[in-house]
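So the structure is just underneath, and the comments pick up after that.
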Amino acid sequence: MHTIHLDAMFSFTLAILLLFVGKAMTARFAALQRFSIPDAVIGGICCSALVFLAHALLDVQISLTLDARDTLLLYFFAAIGLGTDVRTLREGGRPMVMLLALASGFIVLQNAVGMGMAAVFGLEPLAGLMTGSIALTGGVGTTLAWTPYFTDTLGIGNAQELGLAANMLGMISACLIGGPVASWLMRRHQVQPSADTALEIATLHKKEPFLQLNYYGVLLAIFWLNLSLMLGRILSELIALTGLNLPAFVGCLMAGIAIRGLGDTFTPLQKRFFRRTLWDYPRMQPGIALISDICLGLFLMMALMGLRLWELQSVLGFISAVMLVQIVLVLLFTVFVVFRLMGRDYEAAVICSGFGGIALGSTATAIANMTAVTKAHGNAPRAFIVVPLVCGFFIDLVNALVIGLMAR
């Protein structure tokens with residue numbers, strides 16, 4: 001097989017081009033906006049399909065260098081943190097506990113389905129955990145972390161292939177179902193869109209060309225985002241000392257929240273003594289919103305570009321069946337449980353759009369779905385507080401505990 005290797009600059013530029021394609025398609029076809037399909041999904045799926053066809057038909061493997069992907073994710077979650085007003089965290093208390101309880105219960109249900117389907121196909125039931133919360137709620141990192149235990153201790157030789165294949169299909173599915181679920185819930189229950197058009201992340205479709213930016217505000221946004229990444233790295237290292245293994249973006253999220261809280265607290269003092277300060281959130285908010293939207297779009301684009309669809313072939317039958325059941329389970333749970341218990345309002349609908357990401361894809365997928373919905377229907381500030389905290393921090397702890405108990 002002939003291999004074509006694309007370096008980091010070419011791969012990154014290709015991702016930008018494909019994001020343009022996705023945005024153009026979204027602007028061209030109203031249905032994509034109506035169902036809140038993320039811009040990056042369109043170009044990303046097209047790219048992964050072309051790479052697969054080159055592999056299958058031309059015997060050519062296209063290797064992309066996607067090193068920038070992880071850094072883009074860190075910038076995005078730092079922006080989430082900076083956009084979080086500490087005073088509003090109290091509003092997220094009860095919804096956050098409720099969503100965590102729902103997601104935790106769903107982890108057990110998800111694993112039970114995976115183990116049951118594995119038994120039906122004549123596989124070791126514990127192998128089904130790799131198609132449950134390990135790959136779907138946990139993601140690639142959790143899959144790779146648990147693979148040695150499943151292969152060396154439990155003797156399940158294809159554990160990694162099962163986990164990565166499930167994660168691959170789960171992420172694609174999560175991108176495609178989140179927006180349509182929210183749109184259907186809003187129509188079915190006559191939920192009114194938000195009247196707040198000032199989005200913390202991204203901009204409304206109809207207002208995108210008129211985003212108010214200025215040099216000083218954008219420079220401030222970049223400065224504080226960089227500081228959030230630096231502080232986030234320190235926090236991640238401190239968390240690691242406790243024995244907890246959390247994704248790097250958790251530290252950046254916490255750092256952004258802390259910096260926003262300190263900045264807002266000392267703003268009156270700064271304005272009293274300085275004519276122009278280094279903290280002016282209203283001025284830099286449009287820059288943060290734009291940077292976060294670009295980073296999220298490019299991250300999701302590069303994640304989809306990196307899918308190696310031919311790796312599904314060896315486990316296609318079992319994976320197709322179990323993922324079909326998992327996807328239906330997510331849809332039913334979201335519509336009949338999550339929406340009702342989260343309040344049956346617009347914020348609940350936005351959270352439901354992200355629940356597919358929580359249960360099938362990743363935190364970034366959840367936020368991408370929510371961003372697509374709010375770009376069409378208006379801001380949902382509580383959802384953007386609750387979901388990142390549940391996805392990025394608490395659910396990883398619960399997932400590790402549940403997996404440890406069920407994998408014995």
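Ordering of the structure tokens sets the chain letters (A, B, ...); residue numbers start at 1 within each chain; ligands are numbered from 1 in the order shown.
Residues in contact with Gln160 in chain A at 9 Å, where only C-alpha atoms are counted and same-chain residues fewer than 5 positions away are skipped, are listed as Met130, Thr143, Leu144, Trp146, Thr147, Pro148, Phe150, Thr151 and Ala165 of chain A.
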Compile the contact shell of range 212-228 of chain A as a PDB file with N, CA and C atoms, in the first residue's frame: residues with an atom at most 6 Å away, counting only C-alpha atoms, same-chain residues fewer than 6 positions apart removed.
```pdb
ATOM      1  N   ALA A  78     -10.568  26.763  27.707  1.00  0.00           N
ATOM      2  CA  ALA A  78     -10.156  27.978  28.411  1.00  0.00           C
ATOM      3  C   ALA A  78     -11.161  29.095  28.141  1.00  0.00           C
ATOM      4  N   CYS A 252      -7.654  23.623  32.180  1.00  0.00           N
ATOM      5  CA  CYS A 252      -7.866  24.888  31.457  1.00  0.00           C
ATOM      6  C   CYS A 252      -9.241  25.466  31.759  1.00  0.00           C
ATOM      7  N   ALA A 255      -9.027  26.902  35.228  1.00  0.00           N
ATOM      8  CA  ALA A 255      -8.200  28.112  35.217  1.00  0.00           C
ATOM      9  C   ALA A 255      -8.976  29.289  34.647  1.00  0.00           C
ATOM     10  N   GLY A 256      -9.721  29.060  33.571  1.00  0.00           N
ATOM     11  CA  GLY A 256     -10.520  30.126  32.976  1.00  0.00           C
ATOM     12  C   GLY A 256     -11.577  30.649  33.933  1.00  0.00           C
ATOM     13  N   ARG A 283     -15.211  44.098  26.576  1.00  0.00           N
ATOM     14  CA  ARG A 283     -14.516  44.428  25.333  1.00  0.00           C
ATOM     15  C   ARG A 283     -13.930  43.191  24.665  1.00  0.00           C
ATOM     16  N   MET A 284     -13.437  42.248  25.472  1.00  0.00           N
ATOM     17  CA  MET A 284     -12.774  41.084  24.857  1.00  0.00           C
ATOM     18  C   MET A 284     -13.734  39.917  24.632  1.00  0.00           C
ATOM     19  N   GLY A 287     -14.136  38.721  21.022  1.00  0.00           N
ATOM     20  CA  GLY A 287     -12.938  38.021  20.569  1.00  0.00           C
ATOM     21  C   GLY A 287     -12.874  36.613  21.115  1.00  0.00           C
ATOM     22  N   ILE A 288     -13.215  36.446  22.401  1.00  0.00           N
ATOM     23  CA  ILE A 288     -13.226  35.115  22.997  1.00  0.00           C
ATOM     24  C   ILE A 288     -14.253  34.232  22.305  1.00  0.00           C
TER      25      ILE A 288
END
```
(request) Could you tell me, as a PyMOL selection string, which residues of range 60-135 of chain A DSSP assigns to alpha helix (DSSP H) when given the backbone? (result) chain A and resi 68-82+93-120
Please write the residues from the selection above to a file, keeping N, CA and C atoms, as a tab-separated table (two decimals), in the first residue's frame.
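Generated output (result03.tsv):
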```
chain	number	residue	atom	x	y	z
A	68	ALA	N	-2.12	19.64	16.11
A	68	ALA	CA	-2.73	20.88	16.60
A	68	ALA	C	-4.08	20.64	17.26
A	69	ARG	N	-4.64	19.47	17.05
A	69	ARG	CA	-6.00	19.18	17.53
A	69	ARG	C	-6.13	19.36	19.04
A	70	ASP	N	-5.21	18.82	19.81
A	70	ASP	CA	-5.33	18.88	21.26
A	70	ASP	C	-5.18	20.31	21.78
A	71	THR	N	-4.30	21.10	21.17
A	71	THR	CA	-4.14	22.49	21.59
A	71	THR	C	-5.40	23.30	21.32
A	72	LEU	N	-6.04	23.05	20.20
A	72	LEU	CA	-7.30	23.74	19.89
A	72	LEU	C	-8.35	23.45	20.94
A	73	LEU	N	-8.39	22.21	21.43
A	73	LEU	CA	-9.36	21.85	22.46
A	73	LEU	C	-9.07	22.60	23.76
A	74	LEU	N	-7.80	22.76	24.10
A	74	LEU	CA	-7.43	23.48	25.32
A	74	LEU	C	-7.86	24.94	25.23
A	75	TYR	N	-7.64	25.57	24.08
A	75	TYR	CA	-8.07	26.96	23.91
A	75	TYR	C	-9.58	27.07	24.04
A	76	PHE	N	-10.29	26.11	23.47
A	76	PHE	CA	-11.74	26.16	23.53
A	76	PHE	C	-12.24	26.11	24.96
A	77	PHE	N	-11.72	25.19	25.77
A	77	PHE	CA	-12.20	25.07	27.14
A	77	PHE	C	-11.71	26.20	28.03
A	78	ALA	N	-10.57	26.76	27.71
A	78	ALA	CA	-10.16	27.98	28.41
A	78	ALA	C	-11.16	29.09	28.14
A	79	ALA	N	-11.64	29.18	26.90
A	79	ALA	CA	-12.65	30.19	26.55
A	79	ALA	C	-13.96	29.92	27.28
A	80	ILE	N	-14.34	28.65	27.42
A	80	ILE	CA	-15.54	28.30	28.19
A	80	ILE	C	-15.40	28.82	29.62
A	81	GLY	N	-14.21	28.60	30.21
A	81	GLY	CA	-13.98	29.06	31.57
A	81	GLY	C	-14.05	30.57	31.69
A	82	LEU	N	-13.41	31.28	30.77
A	82	LEU	CA	-13.43	32.74	30.81
A	82	LEU	C	-14.84	33.28	30.59
A	93	GLY	N	-26.18	24.79	40.21
A	93	GLY	CA	-26.04	23.77	41.24
A	93	GLY	C	-27.00	22.61	41.10
A	94	ARG	N	-28.30	22.87	41.19
A	94	ARG	CA	-29.28	21.78	41.11
A	94	ARG	C	-29.28	21.11	39.74
A	95	PRO	N	-29.33	21.87	38.62
A	95	PRO	CA	-29.28	21.21	37.31
A	95	PRO	C	-28.02	20.36	37.12
A	96	MET	N	-26.88	20.83	37.66
A	96	MET	CA	-25.64	20.08	37.51
A	96	MET	C	-25.73	18.75	38.25
A	97	VAL	N	-26.26	18.76	39.48
A	97	VAL	CA	-26.42	17.53	40.24
A	97	VAL	C	-27.38	16.57	39.52
A	98	MET	N	-28.47	17.14	38.99
A	98	MET	CA	-29.44	16.30	38.29
A	98	MET	C	-28.83	15.67	37.04
A	99	LEU	N	-28.11	16.48	36.23
A	99	LEU	CA	-27.51	15.94	35.01
A	99	LEU	C	-26.45	14.91	35.34
A	100	LEU	N	-25.68	15.13	36.39
A	100	LEU	CA	-24.67	14.15	36.80
A	100	LEU	C	-25.33	12.84	37.21
A	101	ALA	N	-26.44	12.93	37.95
A	101	ALA	CA	-27.15	11.72	38.35
A	101	ALA	C	-27.68	10.97	37.13
A	102	LEU	N	-28.24	11.71	36.16
A	102	LEU	CA	-28.76	11.07	34.94
A	102	LEU	C	-27.64	10.42	34.14
A	103	ALA	N	-26.53	11.15	33.97
A	103	ALA	CA	-25.41	10.61	33.20
A	103	ALA	C	-24.80	9.40	33.90
A	104	SER	N	-24.74	9.44	35.23
A	104	SER	CA	-24.18	8.31	35.99
A	104	SER	C	-25.06	7.08	35.85
A	105	GLY	N	-26.37	7.27	35.97
A	105	GLY	CA	-27.27	6.14	35.79
A	105	GLY	C	-27.20	5.58	34.39
A	106	PHE	N	-27.03	6.46	33.41
A	106	PHE	CA	-26.97	6.00	32.03
A	106	PHE	C	-25.69	5.19	31.77
A	107	ILE	N	-24.60	5.51	32.46
A	107	ILE	CA	-23.36	4.74	32.32
A	107	ILE	C	-23.62	3.27	32.64
A	108	VAL	N	-24.31	3.01	33.74
A	108	VAL	CA	-24.61	1.63	34.13
A	108	VAL	C	-25.48	0.96	33.08
A	109	LEU	N	-26.51	1.66	32.60
A	109	LEU	CA	-27.40	1.13	31.57
A	109	LEU	C	-26.63	0.85	30.28
A	110	GLN	N	-25.75	1.78	29.91
A	110	GLN	CA	-24.94	1.64	28.70
A	110	GLN	C	-24.04	0.41	28.77
A	111	ASN	N	-23.43	0.19	29.91
A	111	ASN	CA	-22.54	-0.97	30.07
A	111	ASN	C	-23.33	-2.27	30.08
A	112	ALA	N	-24.52	-2.25	30.68
A	112	ALA	CA	-25.35	-3.45	30.68
A	112	ALA	C	-25.74	-3.85	29.26
A	113	VAL	N	-26.06	-2.85	28.43
A	113	VAL	CA	-26.39	-3.13	27.03
A	113	VAL	C	-25.19	-3.71	26.30
A	114	GLY	N	-24.01	-3.12	26.49
A	114	GLY	CA	-22.81	-3.61	25.82
A	114	GLY	C	-22.50	-5.05	26.20
A	115	MET	N	-22.60	-5.36	27.50
A	115	MET	CA	-22.31	-6.72	27.95
A	115	MET	C	-23.36	-7.70	27.44
A	116	GLY	N	-24.63	-7.27	27.44
A	116	GLY	CA	-25.69	-8.14	26.93
A	116	GLY	C	-25.54	-8.44	25.46
A	117	MET	N	-25.20	-7.42	24.66
A	117	MET	CA	-25.00	-7.63	23.22
A	117	MET	C	-23.80	-8.51	22.95
A	118	ALA	N	-22.75	-8.38	23.74
A	118	ALA	CA	-21.58	-9.24	23.57
A	118	ALA	C	-21.94	-10.69	23.82
A	119	ALA	N	-22.76	-10.94	24.84
A	119	ALA	CA	-23.18	-12.31	25.13
A	119	ALA	C	-24.03	-12.87	23.99
A	120	VAL	N	-24.90	-12.04	23.42
A	120	VAL	CA	-25.74	-12.48	22.30
A	120	VAL	C	-24.89	-12.91	21.11
```
(message) Need the shell around Phe355 in chain A: protein/DNA/RNA residues with any atom at most 8 Å away, counting only C-alpha atoms. Skip same-chain ones fewer than 6 positions apart. Format as JSON, numbers by chain?
(response) {"A": [178, 334, 366]}
(request) Give me, please, the distance in Å between CA of Ala349 in chain A and CA of Val181 in chain A, quoted to one decimal. (result) 8.1 Å
(message) Using only C-alpha atoms for the distances, tell me which of A:Ala182, A:Leu57, A:Leu324, A:Ala127 is nearest to Leu154 in chain A.
(response) A:Ala127
Which residues of range 247-355 of chain A come within 12 Å of range 6-21 of chain A, and for each one, what is the closest pair of atoms and their distance in Å to one decimal, counting only C-alpha atoms, sorted by chain and residue number, as a Markdown table?
```
| residue | atom | partner | partner_atom | distance |
| --- | --- | --- | --- | --- |
| A:Asp293 | CA | A:Leu19 | CA | 11.3 |
| A:Ile294 | CA | A:Leu19 | CA | 9.1 |
| A:Cys295 | CA | A:Ile16 | CA | 10.4 |
| A:Leu296 | CA | A:Leu19 | CA | 10.7 |
| A:Gly297 | CA | A:Leu19 | CA | 7.0 |
| A:Leu298 | CA | A:Ala15 | CA | 6.3 |
| A:Phe299 | CA | A:Ala15 | CA | 8.8 |
| A:Leu300 | CA | A:Ala15 | CA | 9.5 |
| A:Met301 | CA | A:Ala15 | CA | 6.2 |
| A:Met302 | CA | A:Ala15 | CA | 6.2 |
| A:Ala303 | CA | A:Ala15 | CA | 9.9 |
| A:Leu304 | CA | A:Ala15 | CA | 9.9 |
| A:Met305 | CA | A:Ala15 | CA | 8.0 |
| A:Gly306 | CA | A:Ser11 | CA | 10.2 |
```
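Excluding range 337-346 of chain A and any residue on its chain fewer than 2 positions from it, the residues at most 8 Å away by only C-alpha atoms are Pro95, Met98, Leu99, Leu102, Met186, His189, Val191, Gln192, Pro193, Ser194, Leu332, Phe333, Thr334, Val335, Ala348, Ala349, Val350, Ile351, Cys352 and Ala380 of chain A.
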Preceding selection exported with C-alpha atoms as a PDB file, in the first residue's frame:
```pdb
ATOM      1  CA  PRO A  95     -29.282  21.205  37.312  1.00  0.00           C
ATOM      2  CA  MET A  98     -29.440  16.299  38.286  1.00  0.00           C
ATOM      3  CA  LEU A  99     -27.508  15.942  35.008  1.00  0.00           C
ATOM      4  CA  LEU A 102     -28.761  11.075  34.942  1.00  0.00           C
ATOM      5  CA  MET A 186     -38.679  22.454  20.781  1.00  0.00           C
ATOM      6  CA  HIS A 189     -43.313  20.851  23.318  1.00  0.00           C
ATOM      7  CA  VAL A 191     -40.515  25.568  23.574  1.00  0.00           C
ATOM      8  CA  GLN A 192     -39.754  29.221  22.882  1.00  0.00           C
ATOM      9  CA  PRO A 193     -36.199  30.100  21.728  1.00  0.00           C
ATOM     10  CA  SER A 194     -34.026  32.312  23.881  1.00  0.00           C
ATOM     11  CA  LEU A 332     -35.100   7.408  24.150  1.00  0.00           C
ATOM     12  CA  PHE A 333     -33.323   8.364  27.364  1.00  0.00           C
ATOM     13  CA  THR A 334     -32.740  11.918  26.156  1.00  0.00           C
ATOM     14  CA  VAL A 335     -36.299  12.528  24.974  1.00  0.00           C
ATOM     15  CA  ALA A 348     -33.234  21.661  28.791  1.00  0.00           C
ATOM     16  CA  ALA A 349     -33.486  21.299  25.004  1.00  0.00           C
ATOM     17  CA  VAL A 350     -29.954  22.651  24.592  1.00  0.00           C
ATOM     18  CA  ILE A 351     -28.685  20.276  27.287  1.00  0.00           C
ATOM     19  CA  CYS A 352     -30.414  17.425  25.444  1.00  0.00           C
ATOM     20  CA  ALA A 380     -28.376  29.176  26.923  1.00  0.00           C
TER      21      ALA A 380
END
```
(request) Could you jot down the CA of Ala54 in chain A to CA of Leu169 in chain A separation for me, Å, one decimal place? (result) 19.7 Å
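Atom to atom, CA of Val390 in chain A and CA of Asn167 in chain A stand 19.3 Å apart.
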(request) Would you mind listing what lies within 9 Å of Ser236 in chain A as a list in words, with only C-alpha atoms counted and same-chain residues fewer than 4 positions away left out? (result) Leu231, Gly232, Ala240, Leu241, Leu246, Pro247, Ala248, Phe249, Val250, Gly251 and Cys252 of chain A
Can those selected residues be exported to a file as a CSV table (one decimal), in the first residue's frame so that it contains C-alpha atoms?
```csv
chain,number,residue,atom,x,y,z
A,231,LEU,CA,-2.4,28.1,34.7
A,232,GLY,CA,-4.4,25.1,33.4
A,240,ALA,CA,-2.3,14.4,38.8
A,241,LEU,CA,-0.4,14.4,42.1
A,246,LEU,CA,-8.4,13.8,34.2
A,247,PRO,CA,-8.2,15.2,30.7
A,248,ALA,CA,-5.9,18.2,30.3
A,249,PHE,CA,-8.8,20.5,29.3
A,250,VAL,CA,-10.3,20.2,32.8
A,251,GLY,CA,-7.4,22.2,34.2
A,252,CYS,CA,-7.9,24.9,31.5
```
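In this comparison, which uses only C-alpha atoms, the residue of A:Pro38, A:Ile45, A:Phe336, A:Val386 approaching Ile172 in chain A most closely is A:Ile45.
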If we count only C-alpha atoms and set the cut-off at 8 Å, which residues sit around Gly170 in chain A, ignoring sequence neighbours fewer than 2 positions away in its own chain? Please answer as a short mmCIF file (atom, residue, chain, number, x, y, z; two decimals) with N, CA and C atoms, in the first residue's frame.
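Listed below is the output, selection-v3.cif:
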```
data_model
loop_
_atom_site.label_atom_id
_atom_site.label_comp_id
_atom_site.auth_asym_id
_atom_site.auth_seq_id
_atom_site.Cartn_x
_atom_site.Cartn_y
_atom_site.Cartn_z
N LEU A 136 -17.64 5.15 24.85
CA LEU A 136 -18.66 6.13 24.48
C LEU A 136 -18.70 7.32 25.43
N ALA A 166 -16.12 1.57 18.41
CA ALA A 166 -17.32 2.10 19.06
C ALA A 166 -17.22 3.61 19.23
N ASN A 167 -16.06 4.09 19.64
CA ASN A 167 -15.87 5.53 19.82
C ASN A 167 -16.03 6.27 18.49
N MET A 168 -15.50 5.68 17.43
CA MET A 168 -15.57 6.29 16.12
C MET A 168 -17.02 6.47 15.67
N ILE A 172 -19.47 10.14 15.49
CA ILE A 172 -20.21 10.54 14.30
C ILE A 172 -21.70 10.63 14.60
N SER A 173 -22.22 9.63 15.30
CA SER A 173 -23.65 9.61 15.63
C SER A 173 -24.03 10.78 16.53
N ALA A 174 -23.18 11.06 17.52
CA ALA A 174 -23.46 12.16 18.45
C ALA A 174 -23.55 13.49 17.71
N MET A 323 -23.98 -0.66 18.40
CA MET A 323 -24.08 0.79 18.31
C MET A 323 -25.49 1.23 17.92
N ILE A 327 -27.41 3.82 20.28
CA ILE A 327 -27.91 5.09 19.76
C ILE A 327 -29.41 5.24 20.05
N LEU A 360 -22.25 9.46 23.88
CA LEU A 360 -21.77 8.77 22.68
C LEU A 360 -20.44 9.27 22.15
N GLY A 361 -20.11 10.52 22.42
CA GLY A 361 -18.95 11.08 21.74
C GLY A 361 -17.88 11.58 22.69
#
```
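Considering only C-alpha atoms, the residue among A:Leu58, A:Ile4, A:Cys47, A:Ile319 positioned nearest to Gly22 in chain A is A:Cys47.
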